[in-house]
$ cat target_31.txt   # compact mmCIF, C-alpha atoms and all ligand atoms
# COMPACT_ATOMS: atom_id res chain seq x y z
CA MET A 6 0.00 0.00 0.00
CA PRO A 7 1.61 3.36 -0.95
CA ASP A 8 2.29 5.47 2.12
CA ARG A 9 3.70 8.51 0.38
CA LEU A 10 2.25 11.42 -1.52
CA GLY A 11 3.38 12.10 -5.06
CA PRO A 12 5.61 15.03 -6.06
CA PRO A 13 4.40 18.65 -5.77
CA ARG A 14 2.44 20.04 -8.73
CA ASP A 15 3.91 22.65 -11.07
CA THR A 16 0.60 24.54 -11.16
CA PRO A 17 -1.92 24.55 -8.29
CA LEU A 18 -5.32 22.87 -8.68
CA PHE A 19 -7.00 25.94 -7.11
CA GLU A 20 -5.71 29.50 -6.78
CA ARG A 21 -7.07 29.87 -3.25
CA ILE A 22 -8.30 27.12 -0.91
CA THR A 23 -9.83 27.84 2.50
CA LEU A 24 -10.14 25.16 5.16
CA ILE A 25 -12.49 25.83 8.07
CA GLY A 26 -11.69 23.71 11.15
CA LEU A 27 -8.07 22.63 11.50
CA GLY A 28 -8.48 19.50 13.60
CA LEU A 29 -7.55 15.97 12.59
CA ILE A 30 -9.15 16.10 9.14
CA GLY A 31 -8.58 19.79 8.31
CA SER A 32 -4.91 19.68 9.32
CA SER A 33 -4.38 16.42 7.40
CA ILE A 34 -5.78 18.09 4.28
CA ALA A 35 -3.61 21.16 4.93
CA ARG A 36 -0.46 19.06 5.28
CA ALA A 37 -1.15 17.12 2.08
CA ALA A 38 -2.31 20.19 0.09
CA ARG A 39 0.79 22.09 1.14
CA HIS A 40 3.15 19.26 0.26
CA LEU A 41 1.46 18.74 -3.12
CA LYS A 42 1.10 22.50 -3.81
CA LEU A 43 -2.61 22.10 -4.56
CA ALA A 44 -3.35 25.74 -3.66
CA GLY A 45 -1.74 28.98 -4.79
CA THR A 46 -2.73 30.30 -1.35
CA LEU A 47 -3.91 28.09 1.49
CA VAL A 48 -6.05 29.79 4.14
CA ALA A 49 -6.96 28.19 7.48
CA ALA A 50 -9.82 29.34 9.73
CA ASP A 51 -10.65 27.89 13.13
CA ALA A 52 -12.89 29.22 15.89
CA SER A 53 -10.18 28.49 18.43
CA PRO A 54 -7.26 30.98 18.76
CA GLU A 55 -5.11 28.16 20.23
CA VAL A 56 -5.68 26.14 17.06
CA THR A 57 -4.85 29.02 14.71
CA ALA A 58 -1.70 29.73 16.75
CA ARG A 59 -0.69 26.08 16.43
CA VAL A 60 -1.43 26.15 12.68
CA ARG A 61 1.00 29.08 12.37
CA GLU A 62 3.65 27.29 14.46
CA LEU A 63 3.35 24.16 12.33
CA GLY A 64 3.33 26.19 9.09
CA LEU A 65 0.18 24.45 7.88
CA ALA A 66 -1.23 27.40 5.91
CA ASP A 67 -0.26 30.74 4.36
CA ILE A 68 -2.87 32.57 6.44
CA ALA A 69 -4.47 31.42 9.72
CA THR A 70 -7.39 33.31 11.27
CA THR A 71 -10.33 32.90 13.63
CA ASP A 72 -12.53 34.87 11.20
CA ALA A 73 -14.14 32.31 8.89
CA ALA A 74 -16.03 34.96 6.88
CA ALA A 75 -12.85 36.88 6.06
CA ALA A 76 -11.05 33.62 5.34
CA VAL A 77 -13.39 32.58 2.50
CA SER A 78 -13.18 35.91 0.70
CA GLY A 79 -11.74 35.24 -2.77
CA ALA A 80 -11.53 31.47 -2.21
CA ASP A 81 -12.11 29.11 -5.15
CA LEU A 82 -12.60 26.08 -2.91
CA VAL A 83 -13.89 26.19 0.68
CA ILE A 84 -13.90 22.97 2.73
CA LEU A 85 -15.74 22.79 6.04
CA CYS A 86 -13.86 20.47 8.41
CA VAL A 87 -15.84 21.26 11.58
CA PRO A 88 -18.29 19.00 13.46
CA VAL A 89 -21.58 18.65 11.57
CA GLY A 90 -23.47 20.40 14.38
CA ALA A 91 -21.57 23.64 13.58
CA TYR A 92 -22.40 23.65 9.83
CA GLY A 93 -25.46 25.94 9.94
CA ALA A 94 -23.68 28.68 11.90
CA VAL A 95 -20.51 28.49 9.79
CA ALA A 96 -22.45 28.53 6.51
CA GLU A 97 -24.49 31.53 7.61
CA ALA A 98 -21.33 33.41 8.61
CA ILE A 99 -19.38 32.76 5.39
CA ALA A 100 -22.23 33.05 2.86
CA PRO A 101 -21.97 36.83 2.21
CA GLN A 102 -18.23 36.56 1.48
CA LEU A 103 -18.35 33.64 -0.98
CA LYS A 104 -17.36 34.68 -4.47
CA SER A 105 -19.41 33.73 -7.50
CA GLY A 106 -18.18 30.45 -8.99
CA ALA A 107 -16.64 29.25 -5.70
CA ILE A 108 -17.08 25.63 -4.64
CA VAL A 109 -18.16 24.85 -1.08
CA SER A 110 -17.45 21.33 0.12
CA ASP A 111 -17.06 19.56 3.46
CA VAL A 112 -15.75 16.37 5.06
CA GLY A 113 -18.65 15.57 7.39
CA SER A 114 -19.40 11.97 8.30
CA VAL A 115 -23.13 12.50 7.68
CA LYS A 116 -24.30 13.78 4.31
CA GLY A 117 -28.09 14.26 4.34
CA ALA A 118 -27.95 16.60 7.33
CA ALA A 119 -24.81 18.29 5.96
CA PHE A 120 -26.66 19.26 2.80
CA ALA A 121 -29.78 20.32 4.70
CA GLN A 122 -27.74 22.66 6.91
CA LEU A 123 -25.55 24.12 4.18
CA ALA A 124 -27.85 24.45 1.16
CA PRO A 125 -30.16 27.22 2.47
CA HIS A 126 -27.15 29.53 2.95
CA ILE A 127 -25.33 28.92 -0.34
CA PRO A 128 -25.78 31.94 -2.64
CA ALA A 129 -26.74 31.53 -6.30
CA GLY A 130 -23.65 31.02 -8.45
CA VAL A 131 -21.78 29.12 -5.69
CA HIS A 132 -21.48 25.33 -6.11
CA LEU A 133 -22.17 22.99 -3.20
CA VAL A 134 -20.42 19.59 -3.53
CA PRO A 135 -20.48 17.73 -0.19
CA ALA A 136 -17.84 15.05 0.42
CA HIS A 137 -16.77 12.56 3.07
CA PRO A 138 -13.26 11.10 3.22
CA VAL A 139 -13.76 7.69 4.82
CA ALA A 140 -10.50 7.89 6.74
CA GLY A 141 -9.68 8.96 10.25
CA THR A 142 -8.35 8.06 13.64
CA GLU A 143 -9.57 8.40 17.21
CA HIS A 144 -7.34 11.47 17.70
CA SER A 145 -8.36 15.15 17.40
CA GLY A 146 -6.76 18.53 16.89
CA PRO A 147 -4.13 20.06 14.57
CA ASP A 148 -1.30 17.91 15.92
CA ALA A 149 -3.17 14.68 15.18
CA GLY A 150 -3.26 15.16 11.39
CA PHE A 151 -0.89 13.61 8.89
CA ALA A 152 -0.53 14.13 5.14
CA THR A 153 -0.90 10.47 4.14
CA LEU A 154 -4.23 9.93 5.92
CA PHE A 155 -6.27 9.76 2.71
CA ILE A 156 -4.01 7.57 0.60
CA ASP A 157 -5.89 4.53 -0.72
CA ARG A 158 -8.97 5.45 1.31
CA TRP A 159 -12.34 6.22 -0.22
CA SER A 160 -13.75 9.69 -0.53
CA ILE A 161 -17.47 9.76 -1.18
CA LEU A 162 -18.98 12.74 -3.01
CA THR A 163 -22.71 13.36 -2.57
CA PRO A 164 -23.52 16.20 -5.00
CA PRO A 165 -27.17 17.17 -5.43
CA GLU A 166 -28.76 15.99 -8.68
CA ASP A 167 -28.47 19.40 -10.33
CA ALA A 168 -24.83 19.97 -9.31
CA ASP A 169 -22.49 21.55 -11.85
CA PRO A 170 -20.45 18.66 -13.38
CA ALA A 171 -17.32 20.83 -13.59
CA ALA A 172 -17.51 21.60 -9.85
CA VAL A 173 -18.00 17.89 -9.05
CA ASN A 174 -14.98 17.05 -11.21
CA ALA A 175 -12.87 19.69 -9.48
CA VAL A 176 -13.66 18.18 -6.06
CA ARG A 177 -13.00 14.71 -7.45
CA SER A 178 -9.57 15.87 -8.72
CA PHE A 179 -8.79 17.36 -5.32
CA TRP A 180 -9.42 14.08 -3.48
CA ARG A 181 -7.63 12.03 -6.11
CA ALA A 182 -4.62 14.31 -5.69
CA LEU A 183 -4.64 13.50 -1.94
CA GLY A 184 -4.42 9.81 -2.86
CA SER A 185 -8.07 8.85 -2.38
CA ASN A 186 -10.31 6.74 -4.53
CA VAL A 187 -13.49 8.63 -5.27
CA GLU A 188 -17.06 7.39 -5.47
CA VAL A 189 -20.23 9.40 -6.09
CA MET A 190 -23.58 8.47 -4.51
CA THR A 191 -26.67 10.11 -3.07
CA ALA A 192 -26.52 11.54 0.43
CA GLN A 193 -29.28 9.18 1.54
CA HIS A 194 -27.41 6.09 0.33
CA HIS A 195 -24.19 7.33 1.93
CA ASP A 196 -25.90 7.71 5.28
CA LEU A 197 -27.33 4.19 5.17
CA VAL A 198 -24.01 2.59 4.18
CA LEU A 199 -22.04 4.53 6.79
CA ALA A 200 -24.64 3.79 9.48
CA ILE A 201 -23.73 0.09 9.33
CA THR A 202 -20.03 0.35 8.46
CA SER A 203 -19.11 3.14 10.87
CA HIS A 204 -21.82 4.69 13.02
CA VAL A 205 -23.33 1.54 14.58
CA PRO A 206 -19.85 0.01 15.20
CA HIS A 207 -18.89 3.18 17.07
CA LEU A 208 -22.09 3.03 19.11
CA ILE A 209 -21.38 -0.60 19.99
CA ALA A 210 -17.86 0.35 21.09
CA TYR A 211 -19.12 3.26 23.21
CA ASN A 212 -21.72 0.95 24.72
CA ILE A 213 -19.47 -2.00 25.56
CA VAL A 214 -16.79 0.21 27.09
CA GLY A 215 -19.51 1.95 29.12
CA THR A 216 -20.91 -1.42 30.27
CA ALA A 217 -17.45 -2.61 31.34
CA ALA A 218 -16.83 0.64 33.21
CA ASP A 219 -20.07 0.14 35.17
CA LEU A 220 -19.40 -3.49 36.19
CA GLU A 221 -19.16 -4.04 39.90
CA GLU A 222 -17.96 -7.66 40.24
CA VAL A 223 -15.17 -7.22 37.67
CA THR A 224 -12.80 -4.48 38.75
CA GLN A 225 -11.67 -1.66 36.45
CA SER A 226 -8.06 -2.80 36.88
CA GLU A 227 -9.02 -6.30 35.65
CA VAL A 228 -10.78 -4.77 32.64
CA ILE A 229 -7.61 -2.86 31.75
CA LYS A 230 -5.23 -5.73 32.60
CA PHE A 231 -7.01 -8.34 30.45
CA SER A 232 -8.10 -5.98 27.67
CA ALA A 233 -6.16 -7.82 24.96
CA GLY A 234 -8.98 -10.34 24.80
CA GLY A 235 -10.93 -8.21 22.30
CA PHE A 236 -11.93 -5.31 24.53
CA ARG A 237 -8.82 -3.27 23.67
CA ASP A 238 -9.90 -2.60 20.08
CA PHE A 239 -13.27 -1.38 21.28
CA THR A 240 -11.57 1.06 23.68
CA ARG A 241 -9.60 2.53 20.77
CA ILE A 242 -12.79 3.26 18.85
CA ALA A 243 -14.57 4.46 21.99
CA ALA A 244 -11.81 7.05 22.48
CA SER A 245 -13.06 8.92 19.38
CA ASP A 246 -14.00 12.59 19.61
CA PRO A 247 -17.19 13.07 21.72
CA THR A 248 -18.39 16.21 19.89
CA MET A 249 -17.99 14.72 16.45
CA TRP A 250 -19.74 11.48 17.38
CA ARG A 251 -22.56 13.17 19.25
CA ASP A 252 -23.22 15.16 16.07
CA VAL A 253 -23.05 12.04 13.88
CA PHE A 254 -25.78 10.27 15.88
CA LEU A 255 -27.99 13.35 16.16
CA ASN A 256 -27.70 13.95 12.41
CA ASN A 257 -28.04 10.39 11.08
CA LYS A 258 -30.84 9.35 13.37
CA GLU A 259 -33.08 7.48 10.92
CA ALA A 260 -30.42 5.33 9.27
CA VAL A 261 -28.74 4.51 12.60
CA LEU A 262 -32.06 3.50 14.18
CA GLU A 263 -32.88 1.34 11.14
CA MET A 264 -29.53 -0.47 11.36
CA LEU A 265 -29.76 -0.80 15.15
CA GLY A 266 -33.15 -2.50 14.70
CA ARG A 267 -31.57 -5.10 12.43
CA PHE A 268 -28.58 -5.44 14.73
CA ASN A 269 -30.81 -6.12 17.72
CA GLU A 270 -32.73 -8.81 15.81
CA ASP A 271 -29.52 -10.56 14.82
CA LEU A 272 -28.19 -10.26 18.37
CA ALA A 273 -31.36 -11.89 19.68
CA ALA A 274 -30.81 -14.78 17.23
CA LEU A 275 -27.27 -15.22 18.56
CA GLN A 276 -28.52 -15.10 22.13
CA ARG A 277 -30.99 -17.85 21.22
CA ALA A 278 -28.30 -19.98 19.58
CA ILE A 279 -26.18 -19.77 22.73
CA ARG A 280 -29.16 -20.52 25.01
CA TRP A 281 -30.20 -23.60 22.98
CA GLY A 282 -26.66 -24.83 22.37
CA ASP A 283 -26.91 -24.35 18.60
CA GLY A 284 -23.17 -24.58 17.89
CA GLN A 285 -23.73 -24.96 14.15
CA ALA A 286 -25.47 -21.57 13.91
CA LEU A 287 -22.60 -19.92 15.79
CA PHE A 288 -19.95 -21.70 13.72
CA ASP A 289 -21.66 -20.78 10.45
CA LEU A 290 -21.88 -17.09 11.31
CA PHE A 291 -18.29 -16.92 12.57
CA THR A 292 -17.11 -18.57 9.34
CA ARG A 293 -18.99 -16.03 7.21
CA THR A 294 -17.66 -13.08 9.21
CA ARG A 295 -14.09 -14.36 9.00
CA ALA A 296 -14.39 -14.31 5.20
CA ILE A 297 -15.53 -10.68 5.31
CA ARG A 298 -12.48 -9.71 7.34
CA ARG A 299 -10.22 -11.48 4.83
CA ASN A 300 -11.91 -9.64 1.95
CA ILE A 301 -11.32 -6.28 3.64
CA ILE A 302 -7.61 -7.09 3.95
CA ALA A 303 -7.52 -8.39 0.36
CA VAL A 304 -8.83 -5.08 -1.04
CA GLY A 305 -6.28 -3.10 0.96
CA GLN A 306 -8.67 -1.41 3.41
CA GLU A 307 -6.96 -2.96 6.45
CA THR A 308 -3.65 -4.51 7.32
CA ALA A 309 -3.04 -7.98 8.73
CA GLU A 310 0.03 -6.71 10.62
CA PRO A 311 0.40 -7.44 14.34
CA ASP A 312 -1.49 -4.92 16.49
CA PHE A 313 -3.54 -4.11 13.41
CA GLY A 314 -0.68 -2.01 12.01
CA ARG A 315 -1.74 0.86 14.21
CA ARG A 316 1.45 1.66 16.04
CA ARG A 317 1.22 5.23 14.70
CA GLY A 318 -2.03 5.65 16.57
CA GLY A 319 -4.97 4.17 14.80
CA ASP A 320 -4.69 5.33 11.21
CA GLY A 321 -6.89 4.11 8.49
CA ASP A 322 -10.29 3.77 10.07
CA GLY A 323 -13.26 4.53 7.93
CA GLN A 324 -15.13 7.07 10.02
P1 LIG A 401 -11.48 17.85 15.34
O1 LIG A 401 -10.11 17.25 15.33
O2 LIG A 401 -12.19 18.00 16.64
O3 LIG A 401 -11.41 19.29 14.64
C1 LIG A 401 -12.50 20.13 14.47
C2 LIG A 401 -11.98 21.58 14.52
O4 LIG A 401 -13.04 22.47 14.16
C3 LIG A 401 -11.50 21.99 15.91
O5 LIG A 401 -10.29 22.69 15.83
C4 LIG A 401 -12.64 22.89 16.38
O6 LIG A 401 -12.22 23.85 17.32
C5 LIG A 401 -13.04 23.55 15.08
N1 LIG A 401 -14.38 24.13 15.14
C6 LIG A 401 -15.48 23.69 15.81
N2 LIG A 401 -16.53 24.51 15.59
C7 LIG A 401 -16.08 25.49 14.77
C8 LIG A 401 -16.68 26.63 14.18
N3 LIG A 401 -17.98 26.93 14.39
N4 LIG A 401 -15.93 27.44 13.36
C9 LIG A 401 -14.64 27.15 13.13
N5 LIG A 401 -13.99 26.08 13.68
C10 LIG A 401 -14.71 25.25 14.48
O7 LIG A 401 -12.50 17.05 14.39
P2 LIG A 401 -12.20 16.11 13.12
O8 LIG A 401 -12.01 14.72 13.59
O9 LIG A 401 -11.15 16.74 12.25
O10 LIG A 401 -13.63 16.16 12.42
C11 LIG A 401 -14.01 17.25 11.62
C12 LIG A 401 -15.07 16.79 10.62
O11 LIG A 401 -14.55 15.68 9.90
C13 LIG A 401 -16.38 16.33 11.26
O12 LIG A 401 -17.47 16.84 10.53
C14 LIG A 401 -16.32 14.82 11.13
O13 LIG A 401 -17.62 14.26 10.98
C15 LIG A 401 -15.49 14.63 9.88
N6 LIG A 401 -14.71 13.38 9.80
C16 LIG A 401 -14.01 12.95 10.88
C17 LIG A 401 -13.29 11.76 10.80
C18 LIG A 401 -12.49 11.26 11.98
O14 LIG A 401 -12.10 10.10 11.98
N7 LIG A 401 -12.24 12.04 12.99
C19 LIG A 401 -13.24 11.06 9.59
C20 LIG A 401 -13.93 11.55 8.47
C21 LIG A 401 -14.67 12.73 8.59
P3 LIG A 401 -12.46 23.50 18.91
O15 LIG A 401 -11.56 22.36 19.20
O16 LIG A 401 -12.10 24.77 19.60
O17 LIG A 401 -13.93 23.14 19.04
$ encode --input "target_31.txt" --output "structure tokens"
Amino acid sequence: MPDRLGPPRDTPLFERITLIGLGLIGSSIARAARHLKLAGTLVAADASPEVTARVRELGLADIATTDAAAAVSGADLVILCVPVGAYGAVAEAIAPQLKSGAIVSDVGSVKGAAFAQLAPHIPAGVHLVPAHPVAGTEHSGPDAGFATLFIDRWSILTPPEDADPAAVNAVRSFWRALGSNVEVMTAQHHDLVLAITSHVPHLIAYNIVGTAADLEEVTQSEVIKFSAGGFRDFTRIAASDPTMWRDVFLNNKEAVLEMLGRFNEDLAALQRAIRWGDGQALFDLFTRTRAIRRNIIAVGQETAEPDFGRRRGGDGDGQ
């Protein structure tokens, strides 16, 4: 699997790119865009003065400011990299400064709600092309990002039906330049797929770690000491950013509840198989699931290395 970005471009893809929110995802984009020279000028805006100060120290952008509206002035591409719950306020603030012909995109993990919050604020003549890089880690903030995060990961674009094809292509080129494979689908389909591949697994991790923390007969020190027995991987996922994940569940309610319904039915069937000693049912399911894991490794979306190849701190999750 390639773990390096290609050489810098001779001419930038966009004259001016503005990133809003310089946490894990925003700072990863900034690092890669800077290395690849994708922007003539790269502007970073974050609500937090500590974050903008850190962006300056790390040299992640040409300009770093807390003023998102000023930051988008003259930008050809604006990418929101803030939690989905902040979209409405950010879109309202930047709308008057967006130039005609600009593209507004995002990286949010939920796409139906992203569009619903952004679209009412987008002025005529500005193109809205929502996107979601299915790559991440459980870490947050500008120091957590790294330029290779998106290599060989999928980026899903969810443009509205009437989106300008040239704007969609420009966003596609941007993500391809960062090393991603790009797929286009509707926001509704995205939210259903991600509910089962990412959102419900995170909920299960948050739940099981919470259950373990509340146990009285098994001590917390035993939980930590014997965590290698499967629990440890759940704790990694359950360490993911609370704000981001709160917003994911509040904004993908329907799809998550639909998938949880199915999950609960299947769990009840497993419970029944254990109660009635139906070893064959258990064996059959575990054989099917093992094949799925092997397929994920075979298509390069996971590594079979010891410790899941995550010594750097959990890279490569599809979140
Ligand atoms: P993060 O590390 O917490 O960074 C978010 C940044 O946005 C923080 O610096 C935050 O500042 C800033 N921010 C919050 N509200 C803002 C506002 N109104 N205006 C300007 N800046 C604001 O989060 P992240 O993991 O990069 O996630 C960002 C987005 O990427 C989310 O929409 C998430 O769904 C999506 N995403 C995440 C992952 C992942 O694995 N983490 C993967 C794919 C997509 P404060 O810290 O001061 O609040």
$ axis_aligned_box --input "target_31.txt" --around "ligand LIG 401 (chain A)" --padding-each-side "4 Å" --output "AutoDock Vina command-line options"
--center_x -14.0 --center_y 18.8 --center_z 14.0 --size_x 15.9 --size_y 25.3 --size_z 19.1
$ residues_near_ligand --input "target_31.txt" --ligand "ligand LIG 401 (chain A)" --cutoff "7 Å" --atoms "only C-alpha atoms and all ligand atoms" --output "VMD selection string"
chain A and resid 25 to 31 50 to 53 56 73 86 to 89 91 94 to 95 112 to 115 137 to 147 246 249 253 322 to 324
$ write_last_selection --input "target_31.txt" --atoms "C-alpha atoms" --output "PDB file, keeping the file's coordinate frame"
ATOM      1  CA  ILE A  25     -12.490  25.830   8.070  1.00  0.00           C
ATOM      2  CA  GLY A  26     -11.690  23.710  11.150  1.00  0.00           C
ATOM      3  CA  LEU A  27      -8.070  22.630  11.500  1.00  0.00           C
ATOM      4  CA  GLY A  28      -8.480  19.500  13.600  1.00  0.00           C
ATOM      5  CA  LEU A  29      -7.550  15.970  12.590  1.00  0.00           C
ATOM      6  CA  ILE A  30      -9.150  16.100   9.140  1.00  0.00           C
ATOM      7  CA  GLY A  31      -8.580  19.790   8.310  1.00  0.00           C
ATOM      8  CA  ALA A  50      -9.820  29.340   9.730  1.00  0.00           C
ATOM      9  CA  ASP A  51     -10.650  27.890  13.130  1.00  0.00           C
ATOM     10  CA  ALA A  52     -12.890  29.220  15.890  1.00  0.00           C
ATOM     11  CA  SER A  53     -10.180  28.490  18.430  1.00  0.00           C
ATOM     12  CA  VAL A  56      -5.680  26.140  17.060  1.00  0.00           C
ATOM     13  CA  ALA A  73     -14.140  32.310   8.890  1.00  0.00           C
ATOM     14  CA  CYS A  86     -13.860  20.470   8.410  1.00  0.00           C
ATOM     15  CA  VAL A  87     -15.840  21.260  11.580  1.00  0.00           C
ATOM     16  CA  PRO A  88     -18.290  19.000  13.460  1.00  0.00           C
ATOM     17  CA  VAL A  89     -21.580  18.650  11.570  1.00  0.00           C
ATOM     18  CA  ALA A  91     -21.570  23.640  13.580  1.00  0.00           C
ATOM     19  CA  ALA A  94     -23.680  28.680  11.900  1.00  0.00           C
ATOM     20  CA  VAL A  95     -20.510  28.490   9.790  1.00  0.00           C
ATOM     21  CA  VAL A 112     -15.750  16.370   5.060  1.00  0.00           C
ATOM     22  CA  GLY A 113     -18.650  15.570   7.390  1.00  0.00           C
ATOM     23  CA  SER A 114     -19.400  11.970   8.300  1.00  0.00           C
ATOM     24  CA  VAL A 115     -23.130  12.500   7.680  1.00  0.00           C
ATOM     25  CA  HIS A 137     -16.770  12.560   3.070  1.00  0.00           C
ATOM     26  CA  PRO A 138     -13.260  11.100   3.220  1.00  0.00           C
ATOM     27  CA  VAL A 139     -13.760   7.690   4.820  1.00  0.00           C
ATOM     28  CA  ALA A 140     -10.500   7.890   6.740  1.00  0.00           C
ATOM     29  CA  GLY A 141      -9.680   8.960  10.250  1.00  0.00           C
ATOM     30  CA  THR A 142      -8.350   8.060  13.640  1.00  0.00           C
ATOM     31  CA  GLU A 143      -9.570   8.400  17.210  1.00  0.00           C
ATOM     32  CA  HIS A 144      -7.340  11.470  17.700  1.00  0.00           C
ATOM     33  CA  SER A 145      -8.360  15.150  17.400  1.00  0.00           C
ATOM     34  CA  GLY A 146      -6.760  18.530  16.890  1.00  0.00           C
ATOM     35  CA  PRO A 147      -4.130  20.060  14.570  1.00  0.00           C
ATOM     36  CA  ASP A 246     -14.000  12.590  19.610  1.00  0.00           C
ATOM     37  CA  MET A 249     -17.990  14.720  16.450  1.00  0.00           C
ATOM     38  CA  VAL A 253     -23.050  12.040  13.880  1.00  0.00           C
ATOM     39  CA  ASP A 322     -10.290   3.770  10.070  1.00  0.00           C
ATOM     40  CA  GLY A 323     -13.260   4.530   7.930  1.00  0.00           C
ATOM     41  CA  GLN A 324     -15.130   7.070  10.020  1.00  0.00           C
TER      42      GLN A 324
END
$ residues_near_point --input "target_31.txt" --point "(-16.6, 3.5, 14.6)" --cutoff "10 Å" --atoms "only C-alpha atoms" --output "list of chain:residue names"
A:Gly141, A:Thr142, A:Glu143, A:Leu199, A:Ala200, A:Ile201, A:Thr202, A:Ser203, A:His204, A:Val205, A:Pro206, A:His207, A:Leu208, A:Ile209, A:Ala210, A:Tyr211, A:Phe239, A:Arg241, A:Ile242, A:Ala243, A:Ala244, A:Ser245, A:Trp250, A:Asp322, A:Gly323, A:Gln324
$ residues_around --input "target_31.txt" --residues "Ala152 of chain A" --least-positions-apart "4" --cutoff "7 Å" --atoms "only C-alpha atoms" --output "PyMOL selection string"
chain A and resi 33-34+36-37
$ closest_atom_pairs --input "target_31.txt" --of "segment 160-272 of chain A" --to "segment 14-22 of chain A" --cutoff "9 Å" --atoms "all atoms listed in the file" --output "tab-separated table"
residue	atom	partner	partner_atom	distance
A:Ala175	CA	A:Leu18	CA	8.2
A:Ser178	CA	A:Leu18	CA	8.2
A:Phe179	CA	A:Leu18	CA	7.3
$ closest_residue --input "target_31.txt" --among "A:Gly64, A:Pro247, A:Gly93, A:Gly235" --to "Asp148 of chain A" --atoms "only C-alpha atoms"
A:Gly64
$ residues_around --input "target_31.txt" --residues "segment 75-80 of chain A" --least-positions-apart "6" --cutoff "9 Å" --atoms "all atoms listed in the file" --output "list of chain:residue names"
A:Phe19, A:Glu20, A:Arg21, A:Ile22, A:Thr23, A:Leu24, A:Ile25, A:Thr46, A:Val48, A:Ala49, A:Ala50, A:Ile68, A:Ala69, A:Ile99, A:Ala100, A:Pro101, A:Gln102, A:Leu103, A:Lys104, A:Ala107, A:Ile108
$ closest_residue --input "target_31.txt" --among "A:Ala192, A:Asn174, A:Asn186, A:Pro135" --to "Ala260 of chain A" --atoms "all atoms listed in the file"
A:Ala192
$ closest_residue --input "target_31.txt" --among "A:Ser105, A:Leu41, A:Thr57, A:Ser32" --to "Leu85 of chain A" --atoms "only C-alpha atoms"
A:Ser32
$ closest_residue --input "target_31.txt" --among "A:Ile127, A:Asp289, A:Ala38, A:Ala296" --to "Leu154 of chain A" --atoms "only C-alpha atoms"
A:Ala38
$ atom_distance --input "target_31.txt" --atom1 "atom CA of Asp81 of chain A" --atom2 "atom CA of Ala121 of chain A"
22.1 Å
$ atom_distance --input "target_31.txt" --atom1 "atom CA of Ala182 of chain A" --atom2 "atom CA of Leu43 of chain A"
8.1 Å
